[in-house]
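Accompanying notes for the structure given below.
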Protein chains: 2
Amino acid sequence: MKISGYNFINGERSGENPSTLNSFDAHTGAALKWTFHPASRKEAEAACQAAAQAFAAYQATSPAQRATFLETIADEIDALDDDFIQLVMRETALAEGRIRGERARTSGQMRLFATVLRRGDFLGARIDQALPDRQPLPRPDLRQVKRGVGPVAVFGASNFPLAFSTAGGDTAAALAAGCPVVMKAHSGHMATAECVAQAICNAVQRCGMPAGVFNMIYGSGIGEVLVRHPAIQAVGFTGSLKGGRALCDMAAARPCPIPVFAEMSSINPMIILPAALKSRGEKIAADLVASVALGCGQFCTNPGLFIGIRSPEFSQLLQQMASHLAQSPAQTMLNRDVLRSYEKGLNHLHLHAGLTHLAGKLQQGSQAYPQLFKASARMLVSGDPLLQEEVFGPVTIAVEVEDQYELEQALSGLRGQLTASLLADGEDLQQFANLVPLLEQKVGRLLLNSYPTGVEVSDAMVHGGPYPATSDVRGTSVGTLAIDRFLRPICYQDYPQSLLPDSLKDANPWQLRRLVNGQWSEGTL
Amino acid sequence: MKISGYNFINGERSGENPSTLNSFDAHTGAALKWTFHPASRKEAEAACQAAAQAFAAYQATSPAQRATFLETIADEIDALDDDFIQLVMRETALAEGRIRGERARTSGQMRLFATVLRRGDFLGARIDQALPDRQPLPRPDLRQVKRGVGPVAVFGASNFPLAFSTAGGDTAAALAAGCPVVMKAHSGHMATAECVAQAICNAVQRCGMPAGVFNMIYGSGIGEVLVRHPAIQAVGFTGSLKGGRALCDMAAARPCPIPVFAEMSSINPMIILPAALKSRGEKIAADLVASVALGCGQFCTNPGLFIGIRSPEFSQLLQQMASHLAQSPAQTMLNRDVLRSYEKGLNHLHLHAGLTHLAGKLQQGSQAYPQLFKASARMLVSGDPLLQEEVFGPVTIAVEVEDQYELEQALSGLRGQLTASLLADGEDLQQFANLVPLLEQKVGRLLLNSYPTGVEVSDAMVHGGPYPATSDVRGTSVGTLAIDRFLRPICYQDYPQSLLPDSLKDANPWQLRRLVNGQWSEGTL
């Protein structure tokens, strides 16, 4: 494994800064042997300029060329060897199976965007032909297509070192849209980031793409330079509410404001309805604890809150969950900062008078113990912020409501979420059908009888939702619709065939389905 | 004509505020006989709450029901009588033909959005069916559709009292998306706004829509209450850069930030290329002056700047334009504020050392005289802000460049624009083809041999562009794509048929074309 620790700028490696950063073994906390040069301001700016310079040439590539490029990236990522897997395990403490699965997800995501590019509907081609004889005024020839917004800055997530990082969903969506990327490597897995960045750069070379189409810098605090740089036209971010909001505020204050797509904070409520609880409470207790503890609770979609109606069955559920939790082993978190933040979050829960600690070993040492708390429904109804703030890790809070009315009140008090899940039997769905329109206003994804952890990468997925789940409810950061965040429409009026993009030519060389004079058409004009 | 001057809140009329505002005769400056009650903070909040309350019921209407609603609004607007036309003429000084045309545009826009609703593709329905046997993990059933973001606050424009105001493009797009509207009536045409609001309210009643689906308030400064209100989920605005940016900053600073779609400032450069200038310079001089003076220059797409390469033909063009301008009559502007702002803008141009005044009568009195200035190319290359700021009114600035290289430099210095137009013959297009990718990065609409004034309402139109032309390059405020600004995706995982929206049911009752397992399909499942 050759790790140089240099920044990736315009196809070259650069490490001006004499000071270095270390990557750490997530299990032992010991520094790994590699060092990384945090980018200087000059290097960060050079990365943005390289992306800006690459934009015109990259934007001019055909969707088919970009599809091949993404597939080549996928191949390069799949070709990373066992040493790479070991390295990711050391940097993140994630299990081998998880990392192999995440790698397949990451390369699969690139290939899925390649199918989007080949399908071509993301272009949204529309043609209104001229009507020279229209009264009182003729209509000009108007043709619309979508193109990339320009260079995109991407901030990798700690919890998905592959699928939400260097070659993750934001990068894949931006590259698919024809937007060069400037990546800020997450400080929690810099060696992993370097290997993946090298894989992308190999694909850039193999496909003859402009060198500045992908750049990556190391450092902490240096991401601000990217967000403020005039060349950057959009930002993708996955992380904390505090961090995401800071980037949003920064981007909004620019002389030319730009959009930030930040996926931030969600407690992913689960609503356990009476008939389901009665018919399969035992299984729910086991499954819910498994979902909470899965991957040490380090998922954006971790179920941090669940709600049930007061009943002997709900009390029993809590008891059963408590005993499952007692058997759940402590797990190593992604890094020491994440563990400290988990401990701090638990302390806040312990100290709040409205919360009762139901189960979980005393949190101490170098690993995280899963925990179960209980809160009064009033805390949700009144919008108590503590209940709404994601504690990143294997903890969940039970909320017991009196009746259906209080359940609705409690759900109304929720902030925006990535997901909301109903555990419900047929009769529940009849009695509680009015919860659905309520939840539709609160979340990006509604689940029935399944657990929110596990986010499929597909055309229909929405990994988004109202603030503070994300900074822009109109986007998704998983699934193929993610490309839309980085596209903008442009219109050509009375342009000759020779100057029109291929997508809009009469001959329809890409065989697109286009909206022509208000009708969908796959043909030529 | 019955004008009460009361705010429209939840289907009722309200005028708590004892103080009143006047509307004025645009020609004489005299107060008209009607008075208007500026909304109190309580009334503004009540309007937002009414919209919030109407949202669930309105969102639950089918696209076909909303289409009928929009068509009924169109019918009500078309039914406004000659007194109404006279009233708009008095409030805005716009000519009768223009107002009749704008009314047809406004009702036509509503009917065009009705066709979008009936076509159904705006819903973006996507289905990924369950793959229970997939290895290593099964795939759940995932279904995605777009829905309205929630209540939208709309700020009407002064220069289009109908097409960009009460029942204008933003209102039509929001209502089509299933979003209730809270309108802030423009103070320049409050009586016009009241008549149109009444037409919308008649349609609300005739169609049995929830009363709070449309609300309108009067007042100045009160718009802030709308933008900051937690119920409001997006903002549409057409107006000045200063006003639009203030709303953007306000929306970004909310506890839950929301998007603002502000169409603000554009000088709409025209590039006059040598062969075209040689072959038809005389016609260009006449047409360009006509475009600059059209409607007293009060269009967002008014050509405020044109560029040519130094040549005897370009000098001649300027002379010919000067003589056309001398024959262009003064015109009455929309109101006294607009005239004052035009005078102020002209003063800045007169005082700048880099600009020469080429033609135009001394600006004085109650009407606006068209004006022609000339600037050095260096001002554009160096990004002099004065040259980039829209002076709203019948004025344009000629920029003479030395050669093709300086032309490219000058265009690179331009800020974001709504439009850029090339006046070019065949040989120009060969020689200057590289201007196109440069302009693509700067604008929302590229025109060839036509003038930017005159914005077609159609599927392919883009009335948008990079900042400061608009606050979000990903949107358009004219044309059917405008609906996308007010939509967000939502995903249903493993939901039963009975709880899915009709758009996502197996039976495909609306006969939508849907993306099913990565393939487009019009059928049932």
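As shown in the structure tokens, the chain order sets the letters A, B, ...; within each chain, residues go from 1, and ligands are also counted from 1 in the order they appear.
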Compute the set of chain A residues within 7 Å of chain B, using only C-alpha atoms, and express it as a ChimeraX atom specification. /A:126-128,142-144,249,252,256,444-448,459-462,467,473-474,487-495,518
Can you list every residue in segment 261-478 of chain B that DSSP puts in strand (DSSP E or B), as JSON, numbers by chain? {"B": [261, 262, 263, 270, 271, 272, 305, 306, 307, 308, 309, 331, 355, 356, 357, 358, 359, 368, 371, 372, 373, 374, 375, 376, 395, 396, 397, 398, 399, 400, 401, 417, 418, 419, 420, 421, 422, 423, 443, 444, 445, 446, 447, 448, 470]}
Taking C-alpha atoms for each residue, export the selection above as a PDB file, in the first residue's frame.
```pdb
ATOM      1  CA  PHE B 261     -36.395  31.831  -6.040  1.00  0.00           C
ATOM      2  CA  ALA B 262     -35.636  35.447  -6.788  1.00  0.00           C
ATOM      3  CA  GLU B 263     -35.405  36.776 -10.322  1.00  0.00           C
ATOM      4  CA  MET B 270     -26.247  41.269 -27.103  1.00  0.00           C
ATOM      5  CA  ILE B 271     -23.185  40.447 -29.173  1.00  0.00           C
ATOM      6  CA  ILE B 272     -23.264  41.910 -32.650  1.00  0.00           C
ATOM      7  CA  LEU B 305     -25.606  46.148 -22.992  1.00  0.00           C
ATOM      8  CA  PHE B 306     -24.379  45.288 -26.466  1.00  0.00           C
ATOM      9  CA  ILE B 307     -20.922  44.506 -27.708  1.00  0.00           C
ATOM     10  CA  GLY B 308     -19.342  44.879 -31.112  1.00  0.00           C
ATOM     11  CA  ILE B 309     -15.858  44.774 -32.566  1.00  0.00           C
ATOM     12  CA  GLN B 331     -42.823  57.255 -22.108  1.00  0.00           C
ATOM     13  CA  LEU B 355     -18.733  56.094 -19.976  1.00  0.00           C
ATOM     14  CA  THR B 356     -19.688  58.443 -22.792  1.00  0.00           C
ATOM     15  CA  HIS B 357     -23.245  59.578 -23.369  1.00  0.00           C
ATOM     16  CA  LEU B 358     -24.011  59.043 -27.052  1.00  0.00           C
ATOM     17  CA  ALA B 359     -27.687  59.880 -27.388  1.00  0.00           C
ATOM     18  CA  ALA B 368     -38.517  58.549 -19.266  1.00  0.00           C
ATOM     19  CA  GLN B 371     -30.650  56.788 -23.634  1.00  0.00           C
ATOM     20  CA  LEU B 372     -27.519  55.375 -25.255  1.00  0.00           C
ATOM     21  CA  PHE B 373     -24.105  55.251 -23.589  1.00  0.00           C
ATOM     22  CA  LYS B 374     -20.762  53.849 -24.612  1.00  0.00           C
ATOM     23  CA  ALA B 375     -18.266  52.149 -22.303  1.00  0.00           C
ATOM     24  CA  SER B 376     -14.698  51.003 -22.721  1.00  0.00           C
ATOM     25  CA  VAL B 395     -31.202  52.641 -21.608  1.00  0.00           C
ATOM     26  CA  THR B 396     -28.468  50.575 -23.196  1.00  0.00           C
ATOM     27  CA  ILE B 397     -24.683  50.687 -23.181  1.00  0.00           C
ATOM     28  CA  ALA B 398     -22.463  50.006 -26.187  1.00  0.00           C
ATOM     29  CA  VAL B 399     -19.155  48.275 -25.579  1.00  0.00           C
ATOM     30  CA  GLU B 400     -16.593  48.371 -28.363  1.00  0.00           C
ATOM     31  CA  VAL B 401     -13.897  45.696 -28.231  1.00  0.00           C
ATOM     32  CA  GLN B 417     -27.542  36.800 -16.896  1.00  0.00           C
ATOM     33  CA  LEU B 418     -31.030  35.748 -17.875  1.00  0.00           C
ATOM     34  CA  THR B 419     -30.127  35.903 -21.558  1.00  0.00           C
ATOM     35  CA  ALA B 420     -27.341  36.486 -24.045  1.00  0.00           C
ATOM     36  CA  SER B 421     -28.071  37.097 -27.701  1.00  0.00           C
ATOM     37  CA  LEU B 422     -25.853  36.684 -30.716  1.00  0.00           C
ATOM     38  CA  LEU B 423     -26.633  38.672 -33.832  1.00  0.00           C
ATOM     39  CA  VAL B 443     -26.868  32.585 -18.848  1.00  0.00           C
ATOM     40  CA  GLY B 444     -30.153  30.732 -18.691  1.00  0.00           C
ATOM     41  CA  ARG B 445     -31.209  31.417 -22.306  1.00  0.00           C
ATOM     42  CA  LEU B 446     -29.117  31.810 -25.437  1.00  0.00           C
ATOM     43  CA  LEU B 447     -30.665  33.581 -28.414  1.00  0.00           C
ATOM     44  CA  LEU B 448     -29.591  33.809 -32.007  1.00  0.00           C
ATOM     45  CA  THR B 470     -31.529  34.805 -10.132  1.00  0.00           C
TER      46      THR B 470
END
```
DSSP on the backbone: what in segment 80-322 of chain B comes out helix (DSSP H, G or I), as a PyMOL selection string? chain B and resi 82-92+96-119+121-123+169-177+190-207+211-213+223-228+241-252+274-297+312-322
Could the residues in this selection be saved with C-alpha atoms as a CSV table (one decimal), in the first residue's frame?
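So the final result, stored in out21.csv, reads:
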```csv
chain,number,residue,atom,x,y,z
B,82,ASP,CA,-63.2,46.5,-19.6
B,83,ASP,CA,-63.3,48.5,-16.4
B,84,PHE,CA,-60.6,46.2,-15.2
B,85,ILE,CA,-58.4,46.9,-18.2
B,86,GLN,CA,-58.9,50.7,-17.7
B,87,LEU,CA,-58.0,50.3,-14.0
B,88,VAL,CA,-54.7,48.5,-14.8
B,89,MET,CA,-53.9,51.1,-17.4
B,90,ARG,CA,-54.4,53.8,-14.8
B,91,GLU,CA,-52.3,52.1,-12.1
B,92,THR,CA,-49.4,51.2,-14.4
B,96,GLU,CA,-54.3,48.8,-23.5
B,97,GLY,CA,-52.9,46.3,-26.0
B,98,ARG,CA,-50.1,45.3,-23.7
B,99,ILE,CA,-52.5,44.7,-20.8
B,100,ARG,CA,-54.9,42.7,-22.9
B,101,GLY,CA,-51.9,40.7,-24.2
B,102,GLU,CA,-50.6,40.2,-20.7
B,103,ARG,CA,-54.0,39.1,-19.4
B,104,ALA,CA,-54.1,36.4,-22.2
B,105,ARG,CA,-50.6,35.4,-21.2
B,106,THR,CA,-51.6,35.1,-17.6
B,107,SER,CA,-54.7,33.0,-18.2
B,108,GLY,CA,-52.8,31.0,-20.9
B,109,GLN,CA,-50.1,30.3,-18.3
B,110,MET,CA,-52.7,28.9,-15.9
B,111,ARG,CA,-54.0,26.7,-18.7
B,112,LEU,CA,-50.5,25.5,-19.7
B,113,PHE,CA,-49.9,24.4,-16.1
B,114,ALA,CA,-53.2,22.5,-16.3
B,115,THR,CA,-51.8,20.5,-19.2
B,116,VAL,CA,-48.7,19.7,-17.2
B,117,LEU,CA,-50.9,18.5,-14.4
B,118,ARG,CA,-52.9,16.3,-16.8
B,119,ARG,CA,-49.7,14.9,-18.4
B,121,ASP,CA,-44.8,13.7,-15.7
B,122,PHE,CA,-44.1,16.4,-13.1
B,123,LEU,CA,-44.8,13.7,-10.5
B,169,GLY,CA,-46.0,32.5,-13.0
B,170,ASP,CA,-44.9,31.9,-9.4
B,171,THR,CA,-48.5,31.6,-8.2
B,172,ALA,CA,-49.5,29.3,-11.1
B,173,ALA,CA,-46.4,27.0,-10.5
B,174,ALA,CA,-47.0,26.9,-6.8
B,175,LEU,CA,-50.7,26.1,-7.1
B,176,ALA,CA,-50.0,23.5,-9.7
B,177,ALA,CA,-47.5,21.8,-7.4
B,190,MET,CA,-53.0,47.2,-5.5
B,191,ALA,CA,-56.3,47.7,-7.1
B,192,THR,CA,-55.3,45.4,-10.0
B,193,ALA,CA,-54.1,42.9,-7.5
B,194,GLU,CA,-57.4,43.0,-5.7
B,195,CYS,CA,-59.4,42.3,-8.8
B,196,VAL,CA,-57.1,39.4,-9.7
B,197,ALA,CA,-57.2,38.0,-6.2
B,198,GLN,CA,-61.0,38.1,-6.2
B,199,ALA,CA,-60.9,36.2,-9.5
B,200,ILE,CA,-58.8,33.5,-7.9
B,201,CYS,CA,-61.0,33.4,-4.8
B,202,ASN,CA,-64.1,33.0,-7.1
B,203,ALA,CA,-62.3,30.0,-8.6
B,204,VAL,CA,-61.5,28.6,-5.1
B,205,GLN,CA,-65.2,28.7,-4.3
B,206,ARG,CA,-66.4,27.3,-7.6
B,207,CYS,CA,-64.0,24.4,-7.3
B,211,ALA,CA,-60.3,28.5,1.6
B,212,GLY,CA,-56.7,29.1,2.7
B,213,VAL,CA,-55.2,27.9,-0.7
B,223,GLY,CA,-43.4,40.7,3.4
B,224,GLU,CA,-40.6,39.9,5.9
B,225,VAL,CA,-43.2,38.4,8.2
B,226,LEU,CA,-44.1,35.9,5.4
B,227,VAL,CA,-40.5,35.0,4.7
B,228,ARG,CA,-39.8,34.4,8.4
B,241,LEU,CA,-31.2,42.6,-6.7
B,242,LYS,CA,-31.2,44.5,-3.4
B,243,GLY,CA,-34.7,43.3,-2.5
B,244,GLY,CA,-34.2,39.8,-3.7
B,245,ARG,CA,-30.9,39.4,-1.9
B,246,ALA,CA,-32.5,40.7,1.4
B,247,LEU,CA,-35.1,38.0,1.2
B,248,CYS,CA,-32.5,35.3,0.4
B,249,ASP,CA,-30.5,36.4,3.5
B,250,MET,CA,-33.6,36.4,5.6
B,251,ALA,CA,-34.6,33.0,4.5
B,252,ALA,CA,-31.1,31.5,4.9
B,274,PRO,CA,-19.1,41.5,-37.9
B,275,ALA,CA,-20.8,39.8,-40.9
B,276,ALA,CA,-24.2,40.4,-39.5
B,277,LEU,CA,-23.3,44.0,-38.8
B,278,LYS,CA,-22.1,44.4,-42.3
B,279,SER,CA,-25.0,42.7,-44.0
B,280,ARG,CA,-27.8,44.2,-41.9
B,281,GLY,CA,-26.5,47.0,-39.7
B,282,GLU,CA,-29.3,49.4,-40.5
B,283,LYS,CA,-32.0,46.9,-39.5
B,284,ILE,CA,-30.1,46.0,-36.3
B,285,ALA,CA,-29.9,49.6,-35.3
B,286,ALA,CA,-33.7,50.0,-35.7
B,287,ASP,CA,-34.6,46.7,-34.0
B,288,LEU,CA,-32.2,47.2,-31.1
B,289,VAL,CA,-33.5,50.6,-30.3
B,290,ALA,CA,-37.0,49.3,-30.6
B,291,SER,CA,-36.2,46.5,-28.2
B,292,VAL,CA,-34.5,48.9,-25.7
B,293,ALA,CA,-37.5,51.3,-25.8
B,294,LEU,CA,-40.2,48.6,-25.8
B,295,GLY,CA,-42.5,49.0,-22.9
B,296,CYS,CA,-40.3,51.9,-21.7
B,297,GLY,CA,-37.5,49.4,-21.2
B,312,PRO,CA,-16.5,51.5,-39.4
B,313,GLU,CA,-19.8,49.5,-39.3
B,314,PHE,CA,-19.9,49.5,-35.6
B,315,SER,CA,-19.4,53.2,-35.5
B,316,GLN,CA,-22.1,53.6,-38.0
B,317,LEU,CA,-24.4,51.4,-36.0
B,318,LEU,CA,-24.0,53.7,-33.0
B,319,GLN,CA,-24.8,56.7,-35.2
B,320,GLN,CA,-27.9,55.1,-36.6
B,321,MET,CA,-29.0,54.1,-33.1
B,322,ALA,CA,-28.5,57.6,-31.9
```
When you look at Met183 of chain B with a cut-off of 8 Å (counting only C-alpha atoms), what residues show up, excluding the ones that are within fewer than 5 positions of it in the same chain? I need them as a ChimeraX atom specification. /B:153-156,166,214-217
So which one's closest to Lys442 of chain A, A:Pro303, A:Gly208, A:Ala46, A:Ser266? Using only C-alpha atoms, please. A:Ser266
